[in-house]
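Asks: Sharing upload-v7.csv here; it has CSV, C-alpha atoms and all ligand atoms.
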chain,number,residue,atom,x,y,z
A,1,MET,CA,22.7,-10.1,30.5
A,2,ALA,CA,19.6,-12.4,30.5
A,3,ALA,CA,18.3,-13.9,27.3
A,4,ILE,CA,17.7,-11.6,24.4
A,5,THR,CA,14.1,-12.0,23.5
A,6,ASN,CA,13.2,-8.8,21.6
A,7,VAL,CA,14.7,-5.8,19.8
A,8,GLU,CA,14.5,-3.7,23.0
A,9,ASP,CA,16.9,-6.1,24.6
A,10,LEU,CA,19.4,-5.5,21.8
A,11,ARG,CA,19.0,-1.8,22.3
A,12,THR,CA,19.8,-2.1,26.0
A,13,LEU,CA,22.9,-4.1,25.2
A,14,ALA,CA,23.9,-1.7,22.5
A,15,ARG,CA,23.8,1.2,24.9
A,16,ARG,CA,26.4,-0.6,27.1
A,17,LYS,CA,28.6,-1.7,24.2
A,18,ILE,CA,29.3,1.5,22.2
A,19,PRO,CA,30.2,5.1,23.1
A,20,LYS,CA,27.4,7.4,24.0
A,21,ALA,CA,27.9,9.7,21.0
A,22,LEU,CA,27.3,6.8,18.6
A,23,PHE,CA,24.5,5.3,20.6
A,24,ASP,CA,22.7,8.6,20.6
A,25,TYR,CA,23.3,9.1,16.9
A,26,VAL,CA,21.4,5.9,16.3
A,27,ASP,CA,18.8,6.2,19.0
A,28,ARG,CA,17.6,9.8,18.8
A,29,GLY,CA,15.5,12.0,16.6
A,30,SER,CA,15.4,15.6,15.4
A,31,TYR,CA,14.5,18.6,17.5
A,32,ASP,CA,11.7,17.8,20.0
A,33,GLU,CA,11.5,14.2,18.7
A,34,LEU,CA,7.7,14.5,18.2
A,35,THR,CA,7.7,12.6,14.9
A,36,TYR,CA,10.2,10.2,16.2
A,37,GLY,CA,7.9,9.4,19.2
A,38,THR,CA,4.7,9.1,17.1
A,39,ASN,CA,6.3,6.7,14.7
A,40,ARG,CA,6.3,4.3,17.6
A,41,SER,CA,3.2,5.3,19.5
A,42,ASP,CA,0.9,5.3,16.5
A,43,LEU,CA,2.1,1.8,15.5
A,44,LYS,CA,1.6,0.6,19.1
A,45,ALA,CA,-2.0,2.0,19.1
A,46,ILE,CA,-3.1,-0.3,16.2
A,47,ARG,CA,-4.9,-3.5,17.3
A,48,PHE,CA,-5.4,-6.8,15.5
A,49,ARG,CA,-8.5,-8.9,15.1
A,50,GLN,CA,-7.8,-12.2,16.9
A,51,ARG,CA,-9.1,-15.0,14.7
A,52,VAL,CA,-9.2,-18.7,15.8
A,53,LEU,CA,-9.5,-22.2,14.5
A,54,ILE,CA,-8.0,-21.4,11.1
A,55,ASP,CA,-5.5,-24.0,10.0
A,56,ALA,CA,-2.2,-22.2,10.3
A,57,ASP,CA,0.2,-25.1,9.7
A,58,ASN,CA,1.6,-24.0,6.4
A,59,ARG,CA,2.4,-20.4,6.9
A,60,SER,CA,4.9,-18.7,4.6
A,61,LEU,CA,6.6,-15.4,5.0
A,62,SER,CA,8.1,-15.4,1.6
A,63,THR,CA,7.2,-12.6,-0.8
A,64,THR,CA,8.8,-10.3,-3.3
A,65,MET,CA,10.1,-6.7,-2.8
A,66,LEU,CA,10.9,-4.8,-6.0
A,67,GLY,CA,10.3,-8.0,-7.9
A,68,GLU,CA,13.0,-9.9,-6.0
A,69,THR,CA,12.1,-13.0,-3.9
A,70,VAL,CA,12.8,-12.5,-0.2
A,71,SER,CA,12.3,-14.7,2.8
A,72,MET,CA,10.1,-12.1,4.5
A,73,PRO,CA,8.8,-8.6,3.7
A,74,VAL,CA,11.6,-6.9,5.5
A,75,ALA,CA,14.8,-5.2,4.1
A,76,ILE,CA,17.6,-3.4,5.8
A,77,ALA,CA,17.3,0.4,5.5
A,78,PRO,CA,20.3,2.6,4.5
A,79,THR,CA,22.0,4.1,7.5
A,80,GLY,CA,25.1,6.3,7.7
A,81,LEU,CA,28.2,5.6,9.8
A,82,THR,CA,27.2,2.0,10.4
A,83,GLY,CA,30.9,0.8,10.1
A,84,LEU,CA,31.6,2.9,13.3
A,85,LEU,CA,29.1,0.9,15.4
A,86,HIS,CA,31.1,-2.3,14.7
A,87,GLY,CA,34.2,-2.8,12.6
A,88,ASN,CA,33.2,-3.3,8.9
A,89,GLY,CA,29.6,-2.8,10.0
A,90,GLU,CA,28.0,-2.6,6.5
A,91,MET,CA,29.8,-5.7,5.3
A,92,VAL,CA,28.8,-7.6,8.4
A,93,ALA,CA,25.1,-6.5,8.2
A,94,ALA,CA,24.9,-7.2,4.5
A,95,ARG,CA,26.2,-10.7,5.2
A,96,ALA,CA,23.6,-11.2,7.9
A,97,ALA,CA,20.9,-10.0,5.6
A,98,GLU,CA,22.0,-12.3,2.8
A,99,LYS,CA,22.0,-15.3,5.2
A,100,ALA,CA,18.5,-14.4,6.3
A,101,GLY,CA,17.3,-14.2,2.6
A,102,ILE,CA,16.5,-10.5,2.7
A,103,ARG,CA,18.0,-7.4,1.0
A,104,PHE,CA,20.5,-5.0,2.4
A,105,THR,CA,20.6,-1.3,1.4
A,106,LEU,CA,23.9,0.6,1.5
A,107,SER,CA,23.9,4.3,2.4
A,108,THR,CA,25.8,6.9,0.4
A,109,MET,CA,27.1,7.9,3.9
A,110,SER,CA,28.4,4.4,4.8
A,111,ILE,CA,31.8,3.7,6.2
A,112,CYS,CA,32.4,0.6,4.0
A,113,SER,CA,32.3,1.4,0.3
A,114,ILE,CA,30.1,-0.1,-2.4
A,115,GLU,CA,33.0,-2.3,-3.5
A,116,ASP,CA,33.6,-3.5,0.1
A,117,VAL,CA,30.1,-4.7,0.4
A,118,ARG,CA,30.2,-6.2,-3.0
A,119,SER,CA,33.2,-8.2,-2.0
A,120,ALA,CA,31.5,-9.4,1.2
A,121,THR,CA,28.3,-10.7,-0.4
A,122,THR,CA,27.2,-12.9,-3.3
A,123,GLN,CA,23.5,-11.7,-3.7
A,124,PRO,CA,22.7,-8.3,-5.1
A,125,PHE,CA,22.2,-5.4,-2.6
A,126,TRP,CA,20.5,-2.1,-3.0
A,127,PHE,CA,22.1,1.3,-3.0
A,128,GLN,CA,20.8,4.6,-1.5
A,129,LEU,CA,21.8,7.9,-3.1
A,130,TYR,CA,22.0,11.4,-1.7
A,131,VAL,CA,22.1,13.8,-4.7
A,132,PHE,CA,24.8,16.2,-3.7
A,133,ARG,CA,25.5,19.6,-5.2
A,134,ASP,CA,28.5,18.1,-7.0
A,135,ARG,CA,26.5,16.1,-9.6
A,136,GLY,CA,29.7,14.5,-10.7
A,137,PHE,CA,29.7,12.5,-7.4
A,138,SER,CA,26.2,11.3,-8.1
A,139,GLU,CA,27.1,10.2,-11.6
A,140,GLU,CA,30.1,8.4,-10.5
A,141,VAL,CA,28.5,6.7,-7.5
A,142,ILE,CA,25.5,5.6,-9.6
A,143,ALA,CA,27.9,4.0,-12.1
A,144,ARG,CA,29.8,2.3,-9.3
A,145,ALA,CA,26.5,0.9,-7.8
A,146,HIS,CA,25.6,-0.4,-11.3
A,147,ARG,CA,29.0,-2.0,-11.7
A,148,ALA,CA,28.6,-3.7,-8.3
A,149,GLY,CA,25.4,-5.3,-9.5
A,150,CYS,CA,23.0,-3.3,-7.3
A,151,THR,CA,19.5,-3.9,-8.6
A,152,ALA,CA,17.8,-0.9,-7.0
A,153,LEU,CA,18.7,2.7,-6.4
A,154,PHE,CA,16.9,4.5,-3.5
A,155,VAL,CA,17.1,8.2,-3.9
A,156,THR,CA,16.5,9.8,-0.6
A,157,VAL,CA,14.3,12.9,-1.0
A,158,ASP,CA,13.6,14.0,2.5
A,159,LEU,CA,17.0,15.4,3.3
A,160,PRO,CA,17.8,18.3,1.0
A,161,LEU,CA,19.3,19.8,4.1
A,162,ARG,CA,19.7,18.3,7.6
A,163,GLY,CA,17.3,18.5,10.5
A,164,GLN,CA,19.1,19.0,13.7
A,165,ARG,CA,19.6,16.3,16.3
A,166,HIS,CA,20.5,18.1,19.6
A,167,ALA,CA,22.3,15.1,21.0
A,168,ASP,CA,24.8,14.9,18.2
A,169,ILE,CA,25.9,18.5,18.7
A,170,LYS,CA,26.0,18.1,22.5
A,171,ASN,CA,28.0,14.9,22.2
A,172,GLY,CA,30.4,16.4,19.7
A,173,LEU,CA,29.9,13.5,17.2
A,174,GLN,CA,32.8,13.2,14.8
A,175,VAL,CA,33.9,11.1,11.8
A,176,PRO,CA,36.4,9.6,12.1
A,177,PRO,CA,35.9,9.2,15.9
A,178,ARG,CA,38.5,11.0,17.9
A,179,LEU,CA,39.8,10.4,21.4
A,180,THR,CA,39.2,13.6,23.5
A,181,MET,CA,39.3,14.4,27.2
A,182,ARG,CA,35.6,14.3,27.2
A,183,ASN,CA,35.1,10.9,25.7
A,184,ALA,CA,38.2,9.2,27.0
A,185,PHE,CA,36.5,7.4,29.9
A,186,ASP,CA,33.6,6.4,27.7
A,187,ILE,CA,35.9,4.8,25.1
A,188,ALA,CA,38.1,3.2,27.7
A,189,THR,CA,35.1,1.4,29.1
A,190,LYS,CA,34.2,0.0,25.7
A,191,PRO,CA,37.3,-2.0,24.7
A,192,GLY,CA,35.3,-4.5,22.6
A,193,TRP,CA,33.9,-1.7,20.4
A,194,ALA,CA,37.3,0.0,20.2
A,195,MET,CA,39.1,-3.1,19.0
A,196,SER,CA,36.4,-4.0,16.5
A,197,VAL,CA,36.4,-0.5,15.0
A,198,LEU,CA,40.2,-0.2,15.1
A,199,MET,CA,40.5,-3.5,13.2
A,200,GLY,CA,37.9,-2.4,10.7
A,201,LYS,CA,39.0,-1.6,7.2
A,202,ARG,CA,37.8,2.1,7.3
A,203,LYS,CA,37.0,4.9,9.7
A,204,SER,CA,35.6,7.5,7.3
A,205,PHE,CA,33.0,7.7,4.5
A,206,GLY,CA,34.2,5.0,2.1
A,207,ASN,CA,32.1,6.0,-0.9
A,208,ILE,CA,33.1,9.7,-0.7
A,209,ASP,CA,36.8,9.1,0.1
A,210,ALA,CA,37.1,7.1,-3.1
A,211,TYR,CA,35.6,9.9,-5.2
A,212,LEU,CA,37.6,12.7,-3.6
A,213,LYS,CA,40.8,10.7,-4.0
A,214,ARG,CA,40.1,10.2,-7.7
A,215,LYS,CA,39.5,13.9,-8.1
A,216,GLY,CA,42.8,14.5,-6.5
A,217,GLY,CA,41.2,16.2,-3.5
A,218,VAL,CA,42.4,16.3,0.0
A,219,TRP,CA,39.2,17.4,1.7
A,220,ALA,CA,37.8,15.7,4.7
A,221,ALA,CA,34.9,13.6,3.4
A,222,GLY,CA,32.6,14.6,6.3
A,223,ARG,CA,33.0,18.3,5.7
A,224,TRP,CA,32.7,17.8,1.9
A,225,ALA,CA,29.4,16.0,2.3
A,226,ASN,CA,28.1,18.6,4.8
A,227,ASP,CA,28.8,21.3,2.3
A,228,ASN,CA,27.3,19.3,-0.5
A,229,PHE,CA,23.8,18.6,0.6
A,230,ASP,CA,21.7,20.3,-2.0
A,231,ALA,CA,18.7,22.3,-0.8
A,232,SER,CA,17.9,23.1,-4.5
A,233,MET,CA,17.1,19.5,-5.3
A,234,SER,CA,13.9,19.1,-7.2
A,235,TRP,CA,11.8,16.7,-9.3
A,236,ARG,CA,14.0,17.6,-12.3
A,237,ASP,CA,16.9,15.9,-10.5
A,238,VAL,CA,14.7,12.8,-10.1
A,239,GLU,CA,14.2,12.8,-13.9
A,240,TRP,CA,17.9,13.2,-14.3
A,241,VAL,CA,18.6,10.2,-12.1
A,242,ARG,CA,15.9,8.1,-13.8
A,243,LYS,CA,17.8,8.6,-17.1
A,244,LEU,CA,21.1,7.5,-15.6
A,245,TRP,CA,19.9,4.5,-13.7
A,246,PRO,CA,18.7,1.4,-15.6
A,247,GLY,CA,17.5,-0.6,-12.6
A,248,LYS,CA,14.7,-0.2,-10.2
A,249,LEU,CA,14.3,3.4,-9.0
A,250,VAL,CA,12.9,4.0,-5.5
A,251,LEU,CA,12.1,7.4,-3.9
A,252,LYS,CA,12.7,7.2,-0.2
A,253,GLY,CA,11.1,9.8,2.1
A,254,ILE,CA,7.6,10.2,0.6
A,255,LEU,CA,5.0,11.2,3.2
A,256,ASP,CA,2.2,12.8,1.1
A,257,PRO,CA,-0.2,11.2,-1.5
A,258,ALA,CA,0.5,14.1,-3.9
A,259,ASP,CA,4.2,13.4,-3.9
A,260,ALA,CA,3.6,9.6,-4.3
A,261,GLN,CA,1.5,10.4,-7.4
A,262,MET,CA,4.3,12.6,-8.7
A,263,ALA,CA,6.8,9.8,-8.1
A,264,ALA,CA,4.7,7.5,-10.2
A,265,ASP,CA,4.4,10.1,-13.0
A,266,LEU,CA,8.2,10.4,-13.2
A,267,GLY,CA,8.6,6.6,-13.6
A,268,ALA,CA,9.7,5.6,-10.1
A,269,ASP,CA,9.2,1.8,-9.5
A,270,ALA,CA,8.6,2.2,-5.8
A,271,ILE,CA,8.5,4.7,-2.9
A,272,VAL,CA,9.4,4.3,0.7
A,273,VAL,CA,6.9,6.0,3.0
A,274,SER,CA,9.3,7.5,5.4
A,275,ASN,CA,10.1,10.5,7.6
A,276,HIS,CA,13.7,9.4,7.9
A,277,GLY,CA,13.0,7.7,11.2
A,278,GLY,CA,11.9,11.0,12.8
A,279,ARG,CA,15.3,12.5,12.1
A,280,GLN,CA,14.1,15.3,9.7
A,281,LEU,CA,10.9,17.3,9.8
A,282,ASP,CA,9.8,17.3,13.4
A,283,GLY,CA,6.0,17.6,13.6
A,284,ALA,CA,5.5,15.6,10.4
A,285,PRO,CA,2.9,12.8,10.8
A,286,SER,CA,4.0,9.3,11.8
A,287,THR,CA,4.6,7.1,8.8
A,288,ILE,CA,1.9,4.6,9.8
A,289,VAL,CA,-0.7,7.3,9.9
A,290,ALA,CA,0.4,8.6,6.5
A,291,LEU,CA,0.6,5.2,4.9
A,292,PRO,CA,-3.0,4.3,4.1
A,293,LYS,CA,-3.8,7.4,2.0
A,294,ILE,CA,-0.5,7.1,0.1
A,295,ALA,CA,-1.1,3.4,-0.6
A,296,GLU,CA,-4.6,4.3,-1.8
A,297,ALA,CA,-3.4,7.1,-4.1
A,298,ALA,CA,-0.5,5.3,-5.7
A,299,GLY,CA,-0.4,1.7,-4.6
A,300,HIS,CA,-1.7,0.6,-8.0
A,301,ARG,CA,1.0,2.5,-9.9
A,302,LEU,CA,4.1,1.6,-7.9
A,303,GLU,CA,5.3,-0.5,-5.0
A,304,VAL,CA,4.8,1.1,-1.6
A,305,LEU,CA,7.5,0.3,1.0
A,306,PHE,CA,7.4,1.5,4.6
A,307,ASP,CA,9.7,2.4,7.4
A,308,GLY,CA,9.7,4.2,10.7
A,309,GLY,CA,9.4,2.7,14.1
A,310,VAL,CA,9.4,-0.9,13.1
A,311,ARG,CA,10.8,-3.0,16.0
A,312,SER,CA,8.8,-6.2,15.7
A,313,GLY,CA,7.0,-8.6,13.5
A,314,GLN,CA,3.7,-7.3,14.8
A,315,ASP,CA,4.8,-3.8,13.5
A,316,VAL,CA,5.6,-5.3,10.1
A,317,LEU,CA,2.2,-7.0,9.9
A,318,LYS,CA,0.4,-3.7,10.8
A,319,ALA,CA,2.2,-1.9,8.0
A,320,LEU,CA,1.4,-4.6,5.5
A,321,ALA,CA,-2.3,-4.5,6.6
A,322,LEU,CA,-2.4,-0.8,5.9
A,323,GLY,CA,-1.0,-1.1,2.4
A,324,ALA,CA,2.8,-1.6,2.5
A,325,ARG,CA,4.4,-4.3,0.3
A,326,GLY,CA,7.3,-4.6,2.7
A,327,CYS,CA,9.1,-2.8,5.5
A,328,MET,CA,12.6,-1.4,6.0
A,329,ILE,CA,14.2,-1.5,9.4
A,330,GLY,CA,16.8,1.1,10.6
A,331,ARG,CA,17.4,1.1,14.3
A,332,ALA,CA,16.1,-2.4,14.9
A,333,TYR,CA,19.2,-3.8,13.0
A,334,LEU,CA,21.6,-1.2,14.2
A,335,TYR,CA,20.9,-2.1,17.8
A,336,GLY,CA,21.7,-5.7,16.9
A,337,LEU,CA,24.9,-4.7,15.1
A,338,ALA,CA,26.1,-2.5,17.9
A,339,ALA,CA,25.2,-5.1,20.6
A,340,MET,CA,26.6,-8.2,19.0
A,341,GLY,CA,27.9,-7.7,15.4
A,342,GLU,CA,26.7,-10.1,12.8
A,343,ALA,CA,25.0,-12.3,15.3
A,344,GLY,CA,23.1,-9.3,16.6
A,345,VAL,CA,21.8,-8.4,13.2
A,346,ALA,CA,20.9,-12.1,12.6
A,347,LYS,CA,19.1,-12.1,16.0
A,348,ALA,CA,17.1,-9.0,15.2
A,349,LEU,CA,16.0,-10.5,11.9
A,350,SER,CA,15.1,-13.9,13.3
A,351,MET,CA,13.1,-12.4,16.1
A,352,ILE,CA,11.2,-10.2,13.8
A,353,GLY,CA,10.5,-13.2,11.5
A,354,ASP,CA,9.3,-15.3,14.4
A,355,GLU,CA,7.0,-12.6,15.6
A,356,LEU,CA,5.6,-12.1,12.2
A,357,ARG,CA,4.9,-15.8,11.8
A,358,VAL,CA,3.1,-16.1,15.1
A,359,SER,CA,1.1,-12.9,14.6
A,360,MET,CA,0.0,-14.1,11.1
A,361,SER,CA,-1.2,-17.3,12.6
A,362,LEU,CA,-3.2,-15.6,15.4
A,363,THR,CA,-4.8,-13.2,12.9
A,364,GLY,CA,-5.7,-16.2,10.7
A,365,VAL,CA,-3.5,-15.6,7.6
A,366,GLN,CA,-1.5,-18.3,5.9
A,367,ASN,CA,0.8,-16.2,3.7
A,368,ILE,CA,1.8,-12.6,3.0
A,369,GLY,CA,-0.5,-12.2,0.0
A,370,GLU,CA,-3.5,-12.7,2.3
A,371,VAL,CA,-2.7,-9.8,4.6
A,372,THR,CA,-5.3,-7.1,4.2
A,373,ARG,CA,-6.8,-4.4,6.4
A,374,ASP,CA,-9.3,-7.0,7.4
A,375,ILE,CA,-6.9,-8.4,10.0
A,376,LEU,CA,-7.0,-5.1,12.0
A,377,PHE,CA,-9.5,-4.4,14.8
A,378,ASP,CA,-11.6,-1.4,13.8
A,379,ARG,CA,-11.9,0.5,17.0
A,380,ASP,CA,-13.6,3.5,15.3
A,381,ALA,CA,-16.3,1.3,13.9
A,382,ASP,CA,-17.0,-0.1,17.4
A,383,ARG,CA,-17.1,3.4,18.8
A,384,ARG,CA,-19.5,4.5,16.1
A,385,SER,CA,-21.9,1.7,17.0
A,386,ASN,CA,-21.5,2.7,20.7
A,387,ILE,CA,-20.0,-0.6,21.9
A,401,LIG,C1,19.2,6.7,9.0
A,401,LIG,N1,18.4,6.9,7.8
A,401,LIG,C2,19.1,7.2,6.7
A,401,LIG,N2,18.4,7.2,5.5
A,401,LIG,C3,19.0,7.4,4.3
A,401,LIG,O1,18.4,7.4,3.3
A,401,LIG,N3,20.4,7.5,4.3
A,401,LIG,C4,21.1,7.5,5.4
A,401,LIG,O2,22.3,7.6,5.3
A,401,LIG,C5,20.5,7.3,6.6
A,401,LIG,N4,21.2,7.3,7.8
A,401,LIG,C6,20.6,6.9,9.0
A,401,LIG,C7,21.3,6.7,10.1
A,401,LIG,C8,20.7,6.3,11.3
A,401,LIG,C9,21.5,6.1,12.5
A,401,LIG,C10,19.3,6.1,11.3
A,401,LIG,C11,18.6,5.6,12.6
A,401,LIG,C12,18.5,6.3,10.2
A,401,LIG,C13,17.0,6.6,7.8
A,401,LIG,C14,16.7,5.2,7.6
A,401,LIG,O3,17.0,4.8,6.3
A,401,LIG,C15,15.2,4.8,7.9
A,401,LIG,O4,14.4,5.7,7.1
A,401,LIG,C16,14.8,4.9,9.4
A,401,LIG,O5,15.9,4.4,10.2
A,401,LIG,C17,13.6,4.2,9.7
A,401,LIG,O6,13.2,4.3,11.0
A,401,LIG,P1,13.6,3.3,12.2
A,401,LIG,O7,13.4,1.9,11.6
A,401,LIG,O8,15.0,3.5,12.5
A,401,LIG,O9,12.6,3.6,13.2
Render the structure in this file as structure tokens.
Ligand code: FNR
Replies:
Amino acid sequence: MAAITNVEDLRTLARRKIPKALFDYVDRGSYDELTYGTNRSDLKAIRFRQRVLIDADNRSLSTTMLGETVSMPVAIAPTGLTGLLHGNGEMVAARAAEKAGIRFTLSTMSICSIEDVRSATTQPFWFQLYVFRDRGFSEEVIARAHRAGCTALFVTVDLPLRGQRHADIKNGLQVPPRLTMRNAFDIATKPGWAMSVLMGKRKSFGNIDAYLKRKGGVWAAGRWANDNFDASMSWRDVEWVRKLWPGKLVLKGILDPADAQMAADLGADAIVVSNHGGRQLDGAPSTIVALPKIAEAAGHRLEVLFDGGVRSGQDVLKALALGARGCMIGRAYLYGLAAMGEAGVAKALSMIGDELRVSMSLTGVQNIGEVTRDILFDRDADRRSNI
């Protein structure tokens, strides 16, 4: 393959490196993929104002997210099954994030456990919680995250039940992956992936396995989790988690200003404007279209983070201009991990950082604090004045 120069190149390589069922799990969205599509197309439609002759020699990407100093306004989003894309995937990605000076967020549905990631890193990481029907699991996992030194808990609120991704059903996606007649050829042609995952520490949901084992259960973690998504979850559960968790509390999956206000009322420190990467409510607005009103309604009361469709430094800059404190990236890092392991995650992060640095220069800003809506080209204003 020719030189890798952007995240799309990592995606192309990832498609060749891992089995189709796993690539599609990462790459696709729910139902007709309308929201998934607009996350990207609405970001693409935004234009910058090009400014010139502004001394851009001393640019800095450094900022804080949730009060923690980071090298750039980007964090790794929580993603399930990551350790099946590459052996020990979550440990590997957390290490790459740490080396790049940004935060990693571990999913409840990870393959490596909280303790695995703790042992692979020295800096704090963040933990994402699904509140399951079995509240005993939530209590225990919150305590484990606290013991592991996690500084922030991201409660995902946009998945009380699961939106359907057609591809996962058609591909027969399974955890742990199983060799079948249908996927035998696919797996046989991906020996690098097979070796890496085979050598990995785990093949099932590390956080859940540990809990079920302690409860003396013999259930399959995947089936247990499936049965335990809780459609009755409500704001009362957020209050309950707030009482249990002493660190920063973040609600992930907010797409409406009224919910952002509610999050602030209940004492959340931050929200992630997110539609789960277009994997839940199909037909919901793109996150970049939803962002400005949410930032306006609640940005003075809590920190507003953003995800959905971010594939480049330009995308990060656009989100910051429209009111985000920082961005989380899901697929952009997963493509890197699936393509090249730790080096691929590092590559994704360094490309995004470089793109951000150049775009800041060309829009005339020196540091992250200077980014405002003023760097965006206002096409509507031009249309209104009939230009
Ligand atoms: C996710 N996402 C997610 N979110 C979460 O809170 N817990 C999870 O376990 C997962 N799992 C997951 C798996 C995969 C393969 C993807 C792509 C996404 C959503 C994720 O945190 C984030 O919101 C989106 O990925 C952001 O969109 P982009 O960056 O992928 O476009």
Asks: Calculated over only C-alpha atoms and all ligand atoms, which of the candidates A:Leu84, A:Ala93, A:Ile329, A:Leu22 has the smallest distance to ligand LIG 401 (chain A)?
Replies: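 Of the candidates, the smallest distance to ligand LIG 401 (chain A) is held by A:Ile329.
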Asks: Between A:Gly309, A:Gly278, A:Gly267, A:Pro191, which residue has the minimum interatomic distance to ligand LIG 401 (chain A), considering only C-alpha atoms and all ligand atoms?
Replies: A:Gly309
Asks: Any chance you could tabulate, as a Markdown table, the residues of chain A at most 8 Å from ligand LIG 401 (chain A) with each one's nearest atom pair and distance in Å to one decimal, using all atoms listed in the file, in chain and rising number order?
Replies:
| residue | atom | partner | partner_atom | distance |
| --- | --- | --- | --- | --- |
| A:Tyr25 | CA | A:LIG401 | C9 | 5.6 |
| A:Val26 | CA | A:LIG401 | C9 | 3.8 |
| A:Asp27 | CA | A:LIG401 | C11 | 6.4 |
| A:Arg28 | CA | A:LIG401 | C11 | 7.6 |
| A:Tyr36 | CA | A:LIG401 | O9 | 7.6 |
| A:Asn39 | CA | A:LIG401 | O9 | 7.2 |
| A:Arg40 | CA | A:LIG401 | O9 | 7.7 |
| A:Ala77 | CA | A:LIG401 | O3 | 4.5 |
| A:Pro78 | CA | A:LIG401 | O3 | 4.4 |
| A:Thr79 | CA | A:LIG401 | N4 | 3.3 |
| A:Gly80 | CA | A:LIG401 | O2 | 3.9 |
| A:Leu81 | CA | A:LIG401 | C7 | 7.0 |
| A:Thr82 | CA | A:LIG401 | C9 | 7.3 |
| A:Ser107 | CA | A:LIG401 | O2 | 4.7 |
| A:Thr108 | CA | A:LIG401 | O2 | 6.1 |
| A:Met109 | CA | A:LIG401 | O2 | 5.0 |
| A:Ser110 | CA | A:LIG401 | O2 | 6.9 |
| A:Gln128 | CA | A:LIG401 | O1 | 6.1 |
| A:Leu129 | CA | A:LIG401 | O1 | 7.3 |
| A:Tyr130 | CA | A:LIG401 | N3 | 7.3 |
| A:Phe154 | CA | A:LIG401 | O1 | 7.5 |
| A:Val155 | CA | A:LIG401 | O1 | 7.4 |
| A:Thr156 | CA | A:LIG401 | O1 | 5.0 |
| A:Lys252 | CA | A:LIG401 | O1 | 6.7 |
| A:Gly253 | CA | A:LIG401 | O4 | 7.3 |
| A:Ser274 | CA | A:LIG401 | O4 | 5.7 |
| A:Asn275 | CA | A:LIG401 | O4 | 6.5 |
| A:His276 | CA | A:LIG401 | O4 | 3.8 |
| A:Gly277 | CA | A:LIG401 | O6 | 3.4 |
| A:Gly278 | CA | A:LIG401 | O6 | 7.1 |
| A:Arg279 | CA | A:LIG401 | C12 | 7.2 |
| A:Asp307 | CA | A:LIG401 | C17 | 4.9 |
| A:Gly308 | CA | A:LIG401 | O6 | 3.5 |
| A:Gly309 | CA | A:LIG401 | O9 | 3.4 |
| A:Val310 | CA | A:LIG401 | O7 | 5.1 |
| A:Arg311 | CA | A:LIG401 | O7 | 7.1 |
| A:Met328 | CA | A:LIG401 | O7 | 6.5 |
| A:Ile329 | CA | A:LIG401 | O7 | 4.1 |
| A:Gly330 | CA | A:LIG401 | O5 | 3.4 |
| A:Arg331 | CA | A:LIG401 | O8 | 3.8 |
| A:Ala332 | CA | A:LIG401 | O7 | 6.1 |
| A:Leu334 | CA | A:LIG401 | C9 | 7.5 |
Asks: Compile the contact shell of range 255-257 of chain A as an MDAnalysis selection string: residues with an atom at most 6 Å away, counting all atoms listed in the file, same-chain residues fewer than 2 positions apart removed.
Replies: chainID A and resid 259:260 273 294 297
Asks: Neighbouring residues of range 132-147 of chain A were defined as those with any atom within 6 Å, considering only C-alpha atoms; residues of the same chain fewer than 3 positions away were excluded. Please report them as a ChimeraX atom specification.
Replies: /A:150,228-230
Asks: I need the chosen residues saved as an mmCIF file, keeping the file's coordinate frame, with C-alpha atoms.
Replies:
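File result_12.cif, as written:
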data_model
loop_
_atom_site.group_PDB
_atom_site.id
_atom_site.type_symbol
_atom_site.label_atom_id
_atom_site.label_comp_id
_atom_site.auth_asym_id
_atom_site.auth_seq_id
_atom_site.Cartn_x
_atom_site.Cartn_y
_atom_site.Cartn_z
ATOM 1 C CA CYS A 150 23.000 -3.300 -7.300
ATOM 2 C CA ASN A 228 27.300 19.300 -0.500
ATOM 3 C CA PHE A 229 23.800 18.600 0.600
ATOM 4 C CA ASP A 230 21.700 20.300 -2.000
#
Asks: Calculated over all atoms listed in the file, which of the candidates A:Leu317, A:Met262, A:Asp168, A:Ser286 has the smallest distance to Arg301 in chain A?
Replies: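 With all atoms listed in the file as the atom set, the closest residue is A:Met262.
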Asks: Using all atoms listed in the file for the distances, tell me which of A:Ala263, A:Ala2, A:Met195, A:Ala120 is nearest to Leu302 in chain A.
Replies: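 Among the listed residues, A:Ala263 lies closest to Leu302 in chain A.
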